[in-house]
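What follows is a single structure, written as structure tokens, with notes after it.
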Amino acid sequence: MNRRLVISLVAFGMLPCMAIAGQEGKNTKETMKVEITDTCQIEEINNIAYSQILSSRSDHQLLMSILVPRTRELKPAIVFYPGGGFISADHGHYPEMRMALAKAGFVVASAEYRTVPDMYPALVVDAKTAVRFLRAHAQELGIDPTRIGVIGDSAGGYVAQMVGTTNGEKGFDQGDYLDQSSDVQAAATMYGISNLMNIGEGHSEEIQKVHASPAVTEALLVNGCAFFTHPGASILSNPQKSLDASPMGHVKENMPPFLVMHGDADPLVSPIQSEQLYKALTEKGNKVDYVVIEGAGHGDYYWYQKPVVEKIVNWFKKTLKNE
């Protein structure tokens, strides 16, 4: 079926400007009758420094933005980790989904994390610090600290998977709020990465060569940049090291419930990434829901459609709110 995308100038704010230009000096007065159908008020707290990374060369604050439903009861919380190919982590990403979760009664924190050239496990350390931060400030934010979930897309999906699969592993708990647990009660991933060694599996030979390069971002994440006497290394150069840096290397029994979602037309992260995670979690007896979206690519329009957003919201409602 062919599809035609019609782009309206109104959507870009162009026609209203032209109309106003032709109606200068015309005042209007109107009375509106509004039916109240939405009683959920959301507070937004932007650019909170949840972690401060100090080194001999720099002082780097990691930021998060939080959406808080204005209700009196304690609410479950969800941390969103944005994708960015391991080279960026914009915490303003995916506002449609975050607002939908907030309107469903969740406190939603979107957290940036360190990216390349910082190396693994920095981003996992940051992700777990964000969880501990919410627990440390649960009273101020109206959070039930016994119900915290995580979600991410693409590289952020990798981060969410790592947080979920490393429940109980204390080696990643570094920095602040160490009196709080970084364990989570639910983990969701959208077109995420479960094994750094086969991101391009099933794709063309050309794409597979890119992922075998020491310059590709997953190789830089694990092995670092070529510098001085270090020539750099492929992600395939040390399979055990790369597996240890992957969610697949941490799958075990008694994981939190997982929601795994992927598009079957993803040209960047192979759908095999989610399929192998689903199989590994299932084999260990864990609870996992696996959703394949027909025709969906990598972070394209499919992922912003109402049925997809509602699928995510309803899964968290069932998992963290027992609805």
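Identifiers in the structure tokens: chain A, B, ... in order shown; residue index from 1 per chain; ligand index from 1 in order shown.
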
Self-check item: Contacts of Glu218 of chain A at 9 Å (only C-alpha atoms; same-chain gap of 2+ positions) as an MDAnalysis selection string
Solution: chainID A and resid 85:86 116 196:197 211 214:216 220:223 234:235

For the residues in the current selection, export N, CA, C and O atoms as a short mmCIF file (atom, residue, chain, number, x, y, z; two decimals), in the first residue's frame.
data_model
loop_
_atom_site.label_atom_id
_atom_site.label_comp_id
_atom_site.auth_asym_id
_atom_site.auth_seq_id
_atom_site.Cartn_x
_atom_site.Cartn_y
_atom_site.Cartn_z
N GLY A 85 22.73 6.72 20.24
CA GLY A 85 23.86 6.03 19.64
C GLY A 85 25.11 5.99 20.47
O GLY A 85 26.22 5.86 19.94
N PHE A 86 24.98 6.13 21.80
CA PHE A 86 26.10 6.17 22.73
C PHE A 86 26.95 7.44 22.60
O PHE A 86 28.00 7.53 23.24
N VAL A 116 30.11 8.25 24.96
CA VAL A 116 31.45 8.23 24.37
C VAL A 116 31.93 9.68 24.20
O VAL A 116 31.15 10.54 23.75
N LEU A 196 26.19 -6.21 22.50
CA LEU A 196 26.99 -5.25 21.73
C LEU A 196 27.73 -5.89 20.57
O LEU A 196 28.16 -5.19 19.64
N MET A 197 27.87 -7.22 20.58
CA MET A 197 28.66 -7.88 19.55
C MET A 197 27.89 -8.20 18.27
O MET A 197 28.50 -8.55 17.26
N HIS A 211 30.04 -2.48 12.05
CA HIS A 211 30.00 -2.88 13.46
C HIS A 211 31.25 -3.66 13.88
O HIS A 211 31.49 -3.83 15.08
N PRO A 214 36.86 -0.81 14.76
CA PRO A 214 37.22 -0.26 16.07
C PRO A 214 36.75 1.18 16.26
O PRO A 214 36.83 1.71 17.36
N ALA A 215 36.22 1.80 15.19
CA ALA A 215 35.74 3.18 15.28
C ALA A 215 34.25 3.27 15.55
O ALA A 215 33.74 4.36 15.80
N VAL A 216 33.51 2.15 15.51
CA VAL A 216 32.07 2.20 15.75
C VAL A 216 31.81 2.49 17.23
O VAL A 216 32.64 2.17 18.09
N LEU A 220 34.04 1.91 20.83
CA LEU A 220 34.59 3.02 21.61
C LEU A 220 34.08 2.98 23.04
O LEU A 220 34.81 3.31 23.98
N LEU A 221 32.83 2.59 23.21
CA LEU A 221 32.24 2.51 24.55
C LEU A 221 32.98 1.50 25.42
O LEU A 221 33.26 1.76 26.60
N VAL A 222 33.32 0.36 24.85
CA VAL A 222 33.92 -0.73 25.62
C VAL A 222 35.45 -0.65 25.64
O VAL A 222 36.08 -0.90 26.68
N ASN A 223 36.06 -0.29 24.51
CA ASN A 223 37.52 -0.36 24.39
C ASN A 223 38.21 0.99 24.34
O ASN A 223 39.44 1.05 24.43
N SER A 234 38.26 -3.64 18.09
CA SER A 234 36.91 -3.99 17.67
C SER A 234 36.11 -4.52 18.85
O SER A 234 36.67 -5.07 19.81
N ILE A 235 34.79 -4.39 18.77
CA ILE A 235 33.92 -4.95 19.80
C ILE A 235 34.04 -6.46 19.84
O ILE A 235 33.75 -7.10 20.86
#

Quiz prompt | Test item: residues at most 10 Å from Glu169 of chain A, only C-alpha atoms, excluding those fewer than 6 positions along its chain, as a VMD selection string | solution = chain A and resid 163 182 to 183 250

Practice problem: Write out as a ChimeraX atom specification each polymer residue whose atoms come within 9 Å of Ala138 of chain A, counting only C-alpha atoms; drop sequence neighbours fewer than 6 positions from it. | Solution: /A:74,144-145

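Across A:Pro271, A:Tyr120, A:Asp264, A:Asn167, the tightest approach to Tyr302 of chain A is made by A:Asp264 when counting only C-alpha atoms.
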
Self-check item: Shell of 9 Å around Gly83 of chain A, only C-alpha atoms, local chain residues under 5 positions omitted, as a VMD selection string
Solution: chain A and resid 88 to 90 93 152 to 159 192

Quiz item: What lies within 9 Å of Leu268 of chain A using only C-alpha atoms, ignoring chain neighbours under 4 positions off, as a PyMOL selection string?
Solution: chain A and resi 199-200+203+207+297-298

Next, the residues of the selection above should be written as a PDB file, in the first residue's frame with all heavy atoms.
ATOM      1  N   ILE A 199      24.966  -6.190  16.901  1.00  0.00           N
ATOM      2  CA  ILE A 199      23.955  -5.163  16.655  1.00  0.00           C
ATOM      3  C   ILE A 199      23.458  -5.207  15.210  1.00  0.00           C
ATOM      4  O   ILE A 199      22.290  -4.957  14.935  1.00  0.00           O
ATOM      5  CB  ILE A 199      24.515  -3.768  16.992  1.00  0.00           C
ATOM      6  CG1 ILE A 199      24.798  -3.660  18.502  1.00  0.00           C
ATOM      7  CG2 ILE A 199      23.547  -2.662  16.572  1.00  0.00           C
ATOM      8  CD1 ILE A 199      25.457  -2.368  18.923  1.00  0.00           C
ATOM      9  N   GLY A 200      24.352  -5.545  14.273  1.00  0.00           N
ATOM     10  CA  GLY A 200      23.971  -5.556  12.860  1.00  0.00           C
ATOM     11  C   GLY A 200      23.628  -6.924  12.312  1.00  0.00           C
ATOM     12  O   GLY A 200      23.486  -7.071  11.085  1.00  0.00           O
ATOM     13  N   HIS A 203      21.645  -7.966   8.958  1.00  0.00           N
ATOM     14  CA  HIS A 203      21.689  -6.863   8.011  1.00  0.00           C
ATOM     15  C   HIS A 203      22.754  -7.131   6.946  1.00  0.00           C
ATOM     16  O   HIS A 203      23.385  -8.186   6.931  1.00  0.00           O
ATOM     17  CB  HIS A 203      21.960  -5.553   8.744  1.00  0.00           C
ATOM     18  CG  HIS A 203      20.787  -5.061   9.542  1.00  0.00           C
ATOM     19  ND1 HIS A 203      20.904  -4.165  10.576  1.00  0.00           N
ATOM     20  CD2 HIS A 203      19.467  -5.353   9.461  1.00  0.00           C
ATOM     21  CE1 HIS A 203      19.710  -3.919  11.095  1.00  0.00           C
ATOM     22  NE2 HIS A 203      18.824  -4.640  10.433  1.00  0.00           N
ATOM     23  N   ILE A 207      26.897  -3.248   6.484  1.00  0.00           N
ATOM     24  CA  ILE A 207      26.579  -2.820   7.847  1.00  0.00           C
ATOM     25  C   ILE A 207      27.360  -3.639   8.860  1.00  0.00           C
ATOM     26  O   ILE A 207      27.870  -3.111   9.867  1.00  0.00           O
ATOM     27  CB  ILE A 207      25.066  -2.930   8.100  1.00  0.00           C
ATOM     28  CG1 ILE A 207      24.320  -1.858   7.292  1.00  0.00           C
ATOM     29  CG2 ILE A 207      24.740  -2.799   9.595  1.00  0.00           C
ATOM     30  CD1 ILE A 207      22.822  -1.918   7.405  1.00  0.00           C
ATOM     31  N   GLY A 297      10.472   1.071  11.877  1.00  0.00           N
ATOM     32  CA  GLY A 297      11.918   1.195  11.772  1.00  0.00           C
ATOM     33  C   GLY A 297      12.525   1.569  13.109  1.00  0.00           C
ATOM     34  O   GLY A 297      12.094   1.103  14.160  1.00  0.00           O
ATOM     35  N   HIS A 298      13.497   2.459  13.062  1.00  0.00           N
ATOM     36  CA  HIS A 298      14.244   2.818  14.267  1.00  0.00           C
ATOM     37  C   HIS A 298      13.852   4.226  14.713  1.00  0.00           C
ATOM     38  O   HIS A 298      14.298   5.229  14.143  1.00  0.00           O
ATOM     39  CB  HIS A 298      15.747   2.748  13.992  1.00  0.00           C
ATOM     40  CG  HIS A 298      16.591   2.763  15.225  1.00  0.00           C
ATOM     41  ND1 HIS A 298      16.865   1.621  15.962  1.00  0.00           N
ATOM     42  CD2 HIS A 298      17.216   3.770  15.860  1.00  0.00           C
ATOM     43  CE1 HIS A 298      17.626   1.931  16.986  1.00  0.00           C
ATOM     44  NE2 HIS A 298      17.851   3.235  16.954  1.00  0.00           N
TER      45      HIS A 298
END

Practice problem: Take atom CA of Leu243 of chain A and atom CA of Asn195 of chain A and report the distance between them in Å, one decimal. | Solution: 6.7 Å

Quiz prompt | Within 10 Å of Phe172 of chain A using only C-alpha atoms, minus same-chain residues under 4 positions, as a PyMOL selection string | solution = chain A and resi 121-129+163+166-168+182

Using N, CA, C and O atoms, can you write the selected residues to a file as a PDB file, in the first residue's frame?
ATOM      1  N   PRO A 121      31.855   1.186  32.493  1.00  0.00           N
ATOM      2  CA  PRO A 121      30.429   1.162  32.836  1.00  0.00           C
ATOM      3  C   PRO A 121      29.841   2.517  33.240  1.00  0.00           C
ATOM      4  O   PRO A 121      28.846   2.562  33.959  1.00  0.00           O
ATOM      5  N   ALA A 122      30.436   3.636  32.785  1.00  0.00           N
ATOM      6  CA  ALA A 122      30.011   4.960  33.254  1.00  0.00           C
ATOM      7  C   ALA A 122      28.515   5.181  33.075  1.00  0.00           C
ATOM      8  O   ALA A 122      27.831   5.663  33.982  1.00  0.00           O
ATOM      9  N   LEU A 123      27.966   4.817  31.908  1.00  0.00           N
ATOM     10  CA  LEU A 123      26.552   5.085  31.656  1.00  0.00           C
ATOM     11  C   LEU A 123      25.632   4.241  32.535  1.00  0.00           C
ATOM     12  O   LEU A 123      24.535   4.683  32.914  1.00  0.00           O
ATOM     13  N   VAL A 124      26.071   3.037  32.898  1.00  0.00           N
ATOM     14  CA  VAL A 124      25.272   2.192  33.794  1.00  0.00           C
ATOM     15  C   VAL A 124      25.350   2.723  35.223  1.00  0.00           C
ATOM     16  O   VAL A 124      24.356   2.754  35.951  1.00  0.00           O
ATOM     17  N   VAL A 125      26.529   3.174  35.618  1.00  0.00           N
ATOM     18  CA  VAL A 125      26.698   3.817  36.932  1.00  0.00           C
ATOM     19  C   VAL A 125      25.765   5.017  37.041  1.00  0.00           C
ATOM     20  O   VAL A 125      25.071   5.203  38.059  1.00  0.00           O
ATOM     21  N   ASP A 126      25.710   5.834  35.994  1.00  0.00           N
ATOM     22  CA  ASP A 126      24.845   7.012  36.003  1.00  0.00           C
ATOM     23  C   ASP A 126      23.373   6.620  36.081  1.00  0.00           C
ATOM     24  O   ASP A 126      22.590   7.233  36.830  1.00  0.00           O
ATOM     25  N   ALA A 127      22.993   5.619  35.296  1.00  0.00           N
ATOM     26  CA  ALA A 127      21.592   5.187  35.260  1.00  0.00           C
ATOM     27  C   ALA A 127      21.126   4.707  36.625  1.00  0.00           C
ATOM     28  O   ALA A 127      20.002   4.993  37.056  1.00  0.00           O
ATOM     29  N   LYS A 128      21.984   3.994  37.321  1.00  0.00           N
ATOM     30  CA  LYS A 128      21.620   3.501  38.646  1.00  0.00           C
ATOM     31  C   LYS A 128      21.629   4.624  39.683  1.00  0.00           C
ATOM     32  O   LYS A 128      20.836   4.613  40.629  1.00  0.00           O
ATOM     33  N   THR A 129      22.490   5.606  39.484  1.00  0.00           N
ATOM     34  CA  THR A 129      22.473   6.782  40.360  1.00  0.00           C
ATOM     35  C   THR A 129      21.151   7.521  40.239  1.00  0.00           C
ATOM     36  O   THR A 129      20.595   8.013  41.237  1.00  0.00           O
ATOM     37  N   VAL A 163      20.162  -1.787  33.565  1.00  0.00           N
ATOM     38  CA  VAL A 163      19.664  -1.517  34.917  1.00  0.00           C
ATOM     39  C   VAL A 163      18.814  -2.691  35.397  1.00  0.00           C
ATOM     40  O   VAL A 163      18.956  -3.150  36.539  1.00  0.00           O
ATOM     41  N   THR A 166      20.915  -6.071  35.941  1.00  0.00           N
ATOM     42  CA  THR A 166      21.933  -6.030  36.997  1.00  0.00           C
ATOM     43  C   THR A 166      21.333  -5.788  38.378  1.00  0.00           C
ATOM     44  O   THR A 166      22.063  -5.423  39.306  1.00  0.00           O
ATOM     45  N   ASN A 167      20.030  -5.975  38.521  1.00  0.00           N
ATOM     46  CA  ASN A 167      19.440  -5.935  39.876  1.00  0.00           C
ATOM     47  C   ASN A 167      20.261  -6.817  40.815  1.00  0.00           C
ATOM     48  O   ASN A 167      20.593  -7.961  40.490  1.00  0.00           O
ATOM     49  N   GLY A 168      20.606  -6.264  41.957  1.00  0.00           N
ATOM     50  CA  GLY A 168      21.339  -7.053  42.949  1.00  0.00           C
ATOM     51  C   GLY A 168      22.844  -7.032  42.779  1.00  0.00           C
ATOM     52  O   GLY A 168      23.569  -7.501  43.664  1.00  0.00           O
ATOM     53  N   SER A 182      19.411   0.565  44.040  1.00  0.00           N
ATOM     54  CA  SER A 182      19.267   0.888  42.621  1.00  0.00           C
ATOM     55  C   SER A 182      18.468  -0.183  41.886  1.00  0.00           C
ATOM     56  O   SER A 182      18.334  -0.115  40.658  1.00  0.00           O
TER      57      SER A 182
END

Practice problem: Could you please write out, as a ChimeraX atom specification, every residue of segment 109-199 of chain A that DSSP assigns to alpha helix (DSSP H)? | Solution: /A:122-136,138-141,155-165

Find the residues near Lys75 of chain A: any atom within 12 Å, counting only C-alpha atoms, skip ones fewer than 4 places away on the same chain, and give them as a compact mmCIF listing (two decimals) with all heavy atoms, in the first residue's frame.
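As written to disk, part-v6.txt reads:
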# COMPACT_ATOMS: atom_id res chain seq x y z
N LEU A 67 8.53 14.93 35.57
CA LEU A 67 7.10 15.23 35.49
C LEU A 67 6.43 14.60 36.71
O LEU A 67 6.59 13.41 36.96
CB LEU A 67 6.50 14.66 34.21
CG LEU A 67 7.07 15.19 32.89
CD1 LEU A 67 6.47 14.42 31.71
CD2 LEU A 67 6.81 16.67 32.74
N VAL A 68 5.69 15.43 37.47
CA VAL A 68 5.06 14.96 38.71
C VAL A 68 3.56 15.21 38.65
O VAL A 68 3.13 16.37 38.64
CB VAL A 68 5.66 15.66 39.95
CG1 VAL A 68 5.05 15.07 41.23
CG2 VAL A 68 7.18 15.55 39.97
N PRO A 69 2.74 14.17 38.62
CA PRO A 69 1.28 14.38 38.70
C PRO A 69 0.93 15.02 40.04
O PRO A 69 1.45 14.63 41.09
CB PRO A 69 0.72 12.96 38.60
CG PRO A 69 1.80 12.15 37.97
CD PRO A 69 3.08 12.75 38.44
N ARG A 70 0.04 16.00 40.00
CA ARG A 70 -0.34 16.71 41.22
C ARG A 70 -1.44 15.94 41.94
O ARG A 70 -2.63 16.26 41.86
CB ARG A 70 -0.79 18.13 40.89
CG ARG A 70 -0.96 19.01 42.13
CD ARG A 70 -1.55 20.35 41.75
NE ARG A 70 -0.61 21.20 41.03
CZ ARG A 70 -0.92 22.40 40.53
NH1 ARG A 70 -2.15 22.88 40.67
NH2 ARG A 70 -0.02 23.12 39.90
N THR A 71 -1.04 14.92 42.67
CA THR A 71 -1.97 14.11 43.47
C THR A 71 -1.36 13.90 44.84
O THR A 71 -0.15 14.07 45.04
CB THR A 71 -2.22 12.74 42.81
OG1 THR A 71 -0.97 12.03 42.69
CG2 THR A 71 -2.85 12.90 41.43
N LEU A 101 2.72 8.87 30.27
CA LEU A 101 2.96 8.12 31.51
C LEU A 101 2.63 8.98 32.73
O LEU A 101 2.05 8.49 33.70
CB LEU A 101 4.42 7.66 31.57
CG LEU A 101 4.79 6.49 30.65
CD1 LEU A 101 6.31 6.36 30.54
CD2 LEU A 101 4.18 5.19 31.15
N ALA A 102 2.99 10.26 32.68
CA ALA A 102 2.69 11.15 33.80
C ALA A 102 1.18 11.30 33.97
O ALA A 102 0.66 11.28 35.10
CB ALA A 102 3.34 12.51 33.58
N LYS A 103 0.44 11.43 32.87
CA LYS A 103 -1.02 11.56 32.96
C LYS A 103 -1.66 10.26 33.45
O LYS A 103 -2.80 10.30 33.96
CB LYS A 103 -1.59 11.95 31.60
CG LYS A 103 -1.32 13.40 31.24
CD LYS A 103 -2.12 13.85 30.03
CE LYS A 103 -1.98 15.34 29.81
NZ LYS A 103 -2.83 15.83 28.70
N ALA A 104 -0.95 9.15 33.31
CA ALA A 104 -1.45 7.88 33.83
C ALA A 104 -1.13 7.69 35.31
O ALA A 104 -1.46 6.67 35.90
CB ALA A 104 -0.88 6.71 33.03
N GLY A 105 -0.47 8.69 35.93
CA GLY A 105 -0.24 8.65 37.37
C GLY A 105 1.15 8.26 37.79
O GLY A 105 1.37 7.92 38.96
N PHE A 106 2.14 8.34 36.87
CA PHE A 106 3.52 8.02 37.22
C PHE A 106 4.35 9.29 37.33
O PHE A 106 4.18 10.23 36.54
CB PHE A 106 4.15 7.13 36.14
CG PHE A 106 3.51 5.78 35.98
CD1 PHE A 106 2.48 5.60 35.06
CD2 PHE A 106 3.91 4.70 36.74
CE1 PHE A 106 1.88 4.36 34.90
CE2 PHE A 106 3.32 3.46 36.59
CZ PHE A 106 2.29 3.29 35.66
N VAL A 107 5.26 9.32 38.30
CA VAL A 107 6.31 10.32 38.29
C VAL A 107 7.33 9.86 37.24
O VAL A 107 7.80 8.73 37.28
CB VAL A 107 6.98 10.45 39.67
CG1 VAL A 107 8.19 11.39 39.60
CG2 VAL A 107 5.99 10.94 40.70
N VAL A 108 7.65 10.73 36.30
CA VAL A 108 8.51 10.34 35.18
C VAL A 108 9.75 11.22 35.16
O VAL A 108 9.66 12.44 35.00
CB VAL A 108 7.77 10.44 33.83
CG1 VAL A 108 8.66 9.94 32.70
CG2 VAL A 108 6.47 9.65 33.87
N LEU A 134 15.99 9.21 42.87
CA LEU A 134 14.53 9.26 43.06
C LEU A 134 14.13 8.67 44.40
O LEU A 134 13.24 9.21 45.08
CB LEU A 134 13.83 8.51 41.92
CG LEU A 134 13.90 9.14 40.54
CD1 LEU A 134 13.02 8.37 39.58
CD2 LEU A 134 13.50 10.61 40.56
N ARG A 135 14.76 7.59 44.80
CA ARG A 135 14.43 7.01 46.10
C ARG A 135 14.84 7.94 47.24
O ARG A 135 14.13 8.08 48.23
CB ARG A 135 15.12 5.64 46.26
CG ARG A 135 14.44 4.53 45.48
CD ARG A 135 14.77 3.16 46.02
NE ARG A 135 13.86 2.16 45.43
CZ ARG A 135 14.14 1.41 44.38
NH1 ARG A 135 15.33 1.51 43.80
NH2 ARG A 135 13.25 0.55 43.91
N ALA A 138 12.17 10.58 47.41
CA ALA A 138 10.81 10.06 47.22
C ALA A 138 9.77 10.88 47.96
O ALA A 138 8.68 11.13 47.44
CB ALA A 138 10.77 8.59 47.68
N GLN A 139 10.07 11.32 49.16
CA GLN A 139 9.09 12.07 49.94
C GLN A 139 8.76 13.40 49.27
O GLN A 139 7.58 13.77 49.16
CB GLN A 139 9.62 12.31 51.36
CG GLN A 139 8.61 13.02 52.26
CD GLN A 139 9.10 13.12 53.70
OE1 GLN A 139 10.17 12.63 54.05
NE2 GLN A 139 8.31 13.77 54.55
N GLU A 140 9.78 14.13 48.81
CA GLU A 140 9.53 15.42 48.17
C GLU A 140 8.76 15.28 46.87
O GLU A 140 7.97 16.16 46.50
CB GLU A 140 10.86 16.14 47.89
CG GLU A 140 11.69 16.46 49.12
CD GLU A 140 12.75 15.40 49.37
OE1 GLU A 140 12.43 14.19 49.31
OE2 GLU A 140 13.91 15.78 49.61
N LEU A 141 8.97 14.18 46.16
CA LEU A 141 8.36 14.00 44.84
C LEU A 141 7.09 13.16 44.88
O LEU A 141 6.46 12.95 43.84
CB LEU A 141 9.37 13.36 43.89
CG LEU A 141 10.62 14.20 43.59
CD1 LEU A 141 11.66 13.38 42.85
CD2 LEU A 141 10.25 15.43 42.78
N GLY A 142 6.71 12.68 46.06
CA GLY A 142 5.51 11.87 46.17
C GLY A 142 5.64 10.50 45.55
O GLY A 142 4.68 9.95 44.99
N ILE A 143 6.82 9.91 45.64
CA ILE A 143 7.11 8.62 45.01
C ILE A 143 6.99 7.49 46.02
O ILE A 143 7.43 7.62 47.17
CB ILE A 143 8.53 8.62 44.40
CG1 ILE A 143 8.59 9.59 43.22
CG2 ILE A 143 8.96 7.23 43.98
CD1 ILE A 143 9.98 9.79 42.67
N ASP A 144 6.43 6.38 45.58
CA ASP A 144 6.48 5.14 46.34
C ASP A 144 7.80 4.46 45.97
O ASP A 144 7.95 3.94 44.86
CB ASP A 144 5.31 4.23 45.97
CG ASP A 144 5.34 2.89 46.68
OD1 ASP A 144 6.33 2.61 47.40
OD2 ASP A 144 4.39 2.10 46.51
N PRO A 145 8.78 4.44 46.87
CA PRO A 145 10.12 3.93 46.51
C PRO A 145 10.16 2.42 46.26
O PRO A 145 11.18 1.92 45.78
CB PRO A 145 10.97 4.31 47.73
CG PRO A 145 10.00 4.41 48.86
CD PRO A 145 8.72 4.92 48.26
N THR A 146 9.09 1.72 46.56
CA THR A 146 9.05 0.27 46.30
C THR A 146 8.57 -0.04 44.89
O THR A 146 8.53 -1.22 44.51
CB THR A 146 8.13 -0.44 47.30
OG1 THR A 146 6.75 -0.05 47.08
CG2 THR A 146 8.51 -0.11 48.73
N ARG A 147 8.22 1.01 44.10
CA ARG A 147 7.70 0.79 42.75
C ARG A 147 8.38 1.75 41.77
O ARG A 147 7.87 2.83 41.50
CB ARG A 147 6.19 0.97 42.71
CG ARG A 147 5.41 -0.05 43.52
CD ARG A 147 3.91 0.19 43.38
NE ARG A 147 3.48 1.42 44.02
CZ ARG A 147 2.31 2.03 43.77
NH1 ARG A 147 1.47 1.53 42.87
NH2 ARG A 147 1.98 3.15 44.42
N ILE A 148 9.54 1.34 41.29
CA ILE A 148 10.27 2.16 40.32
C ILE A 148 10.61 1.30 39.10
O ILE A 148 11.13 0.19 39.23
CB ILE A 148 11.55 2.76 40.92
CG1 ILE A 148 11.18 3.75 42.04
CG2 ILE A 148 12.39 3.44 39.86
CD1 ILE A 148 12.36 4.44 42.68
N GLY A 149 10.30 1.82 37.93
CA GLY A 149 10.60 1.14 36.68
C GLY A 149 11.52 1.98 35.82
O GLY A 149 11.76 3.16 36.09
N LYS A 317 1.14 0.31 33.92
CA LYS A 317 0.01 0.33 34.85
C LYS A 317 -0.24 -1.07 35.40
O LYS A 317 -0.50 -1.24 36.61
CB LYS A 317 -1.24 0.86 34.14
CG LYS A 317 -1.20 2.36 33.89
CD LYS A 317 -2.30 2.81 32.96
CE LYS A 317 -3.67 2.72 33.58
NZ LYS A 317 -4.71 3.30 32.70
N LEU A 320 3.34 -1.97 37.56
CA LEU A 320 3.70 -1.19 38.75
C LEU A 320 2.49 -0.72 39.56
O LEU A 320 2.65 -0.34 40.72
CB LEU A 320 4.53 0.03 38.34
CG LEU A 320 5.95 -0.25 37.82
CD1 LEU A 320 6.65 1.06 37.47
CD2 LEU A 320 6.78 -1.03 38.85
N LYS A 321 1.29 -0.71 38.93
CA LYS A 321 0.10 -0.26 39.65
C LYS A 321 -0.93 -1.37 39.83
O LYS A 321 -2.00 -1.13 40.42
CB LYS A 321 -0.54 0.92 38.90
CG LYS A 321 0.37 2.14 38.79
CD LYS A 321 -0.27 3.27 38.00
CE LYS A 321 -1.31 4.00 38.83
NZ LYS A 321 -1.82 5.20 38.12

Quiz item: as an MDAnalysis selection string, which residues of segment 23-255 of chain A does DSSP assign to strand (DSSP E or B)?
Solution: chainID A and resid 42:54 59:69 75:81 107:111 143:153 186:190 227 230

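The interatomic distance for the pair atom CA of Val184 of chain A and atom CA of Ala160 of chain A works out to 9.9 Å.
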
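Proximity ranking of A:Gln174, A:Thr217, A:Asn286, A:Ser246 relative to Ala186 of chain A places A:Asn286 first, based on only C-alpha atoms.
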
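Compared by their closest atoms to Ala265 of chain A, and using only C-alpha atoms, the residues A:Val251, A:Ile87, A:Ala280, A:Ala296 rank with A:Ala296 nearest.
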
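Going from atom CA of Asn254 of chain A to atom CA of Lys241 of chain A covers 23.7 Å.
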
Quiz prompt | Nearest to Asp244 of chain A, chosen from A:Tyr304, A:Ser194, A:Tyr50, A:Glu201, with only C-alpha atoms counted in the distances | solution = A:Ser194

Quiz item: Between A:Asn238, A:Gln52, A:Gln180, A:Ser65, which has the minimum distance to Phe133 of chain A (counting only C-alpha atoms)?
Solution: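 Between A:Asn238, A:Gln52, A:Gln180, A:Ser65, the residue approaching Phe133 of chain A most closely is A:Gln180.
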
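Using only C-alpha atoms, the smallest distance between any of A:Ile151, A:Val79, A:Val308, A:Ala226 and Ser110 of chain A comes from A:Val79.
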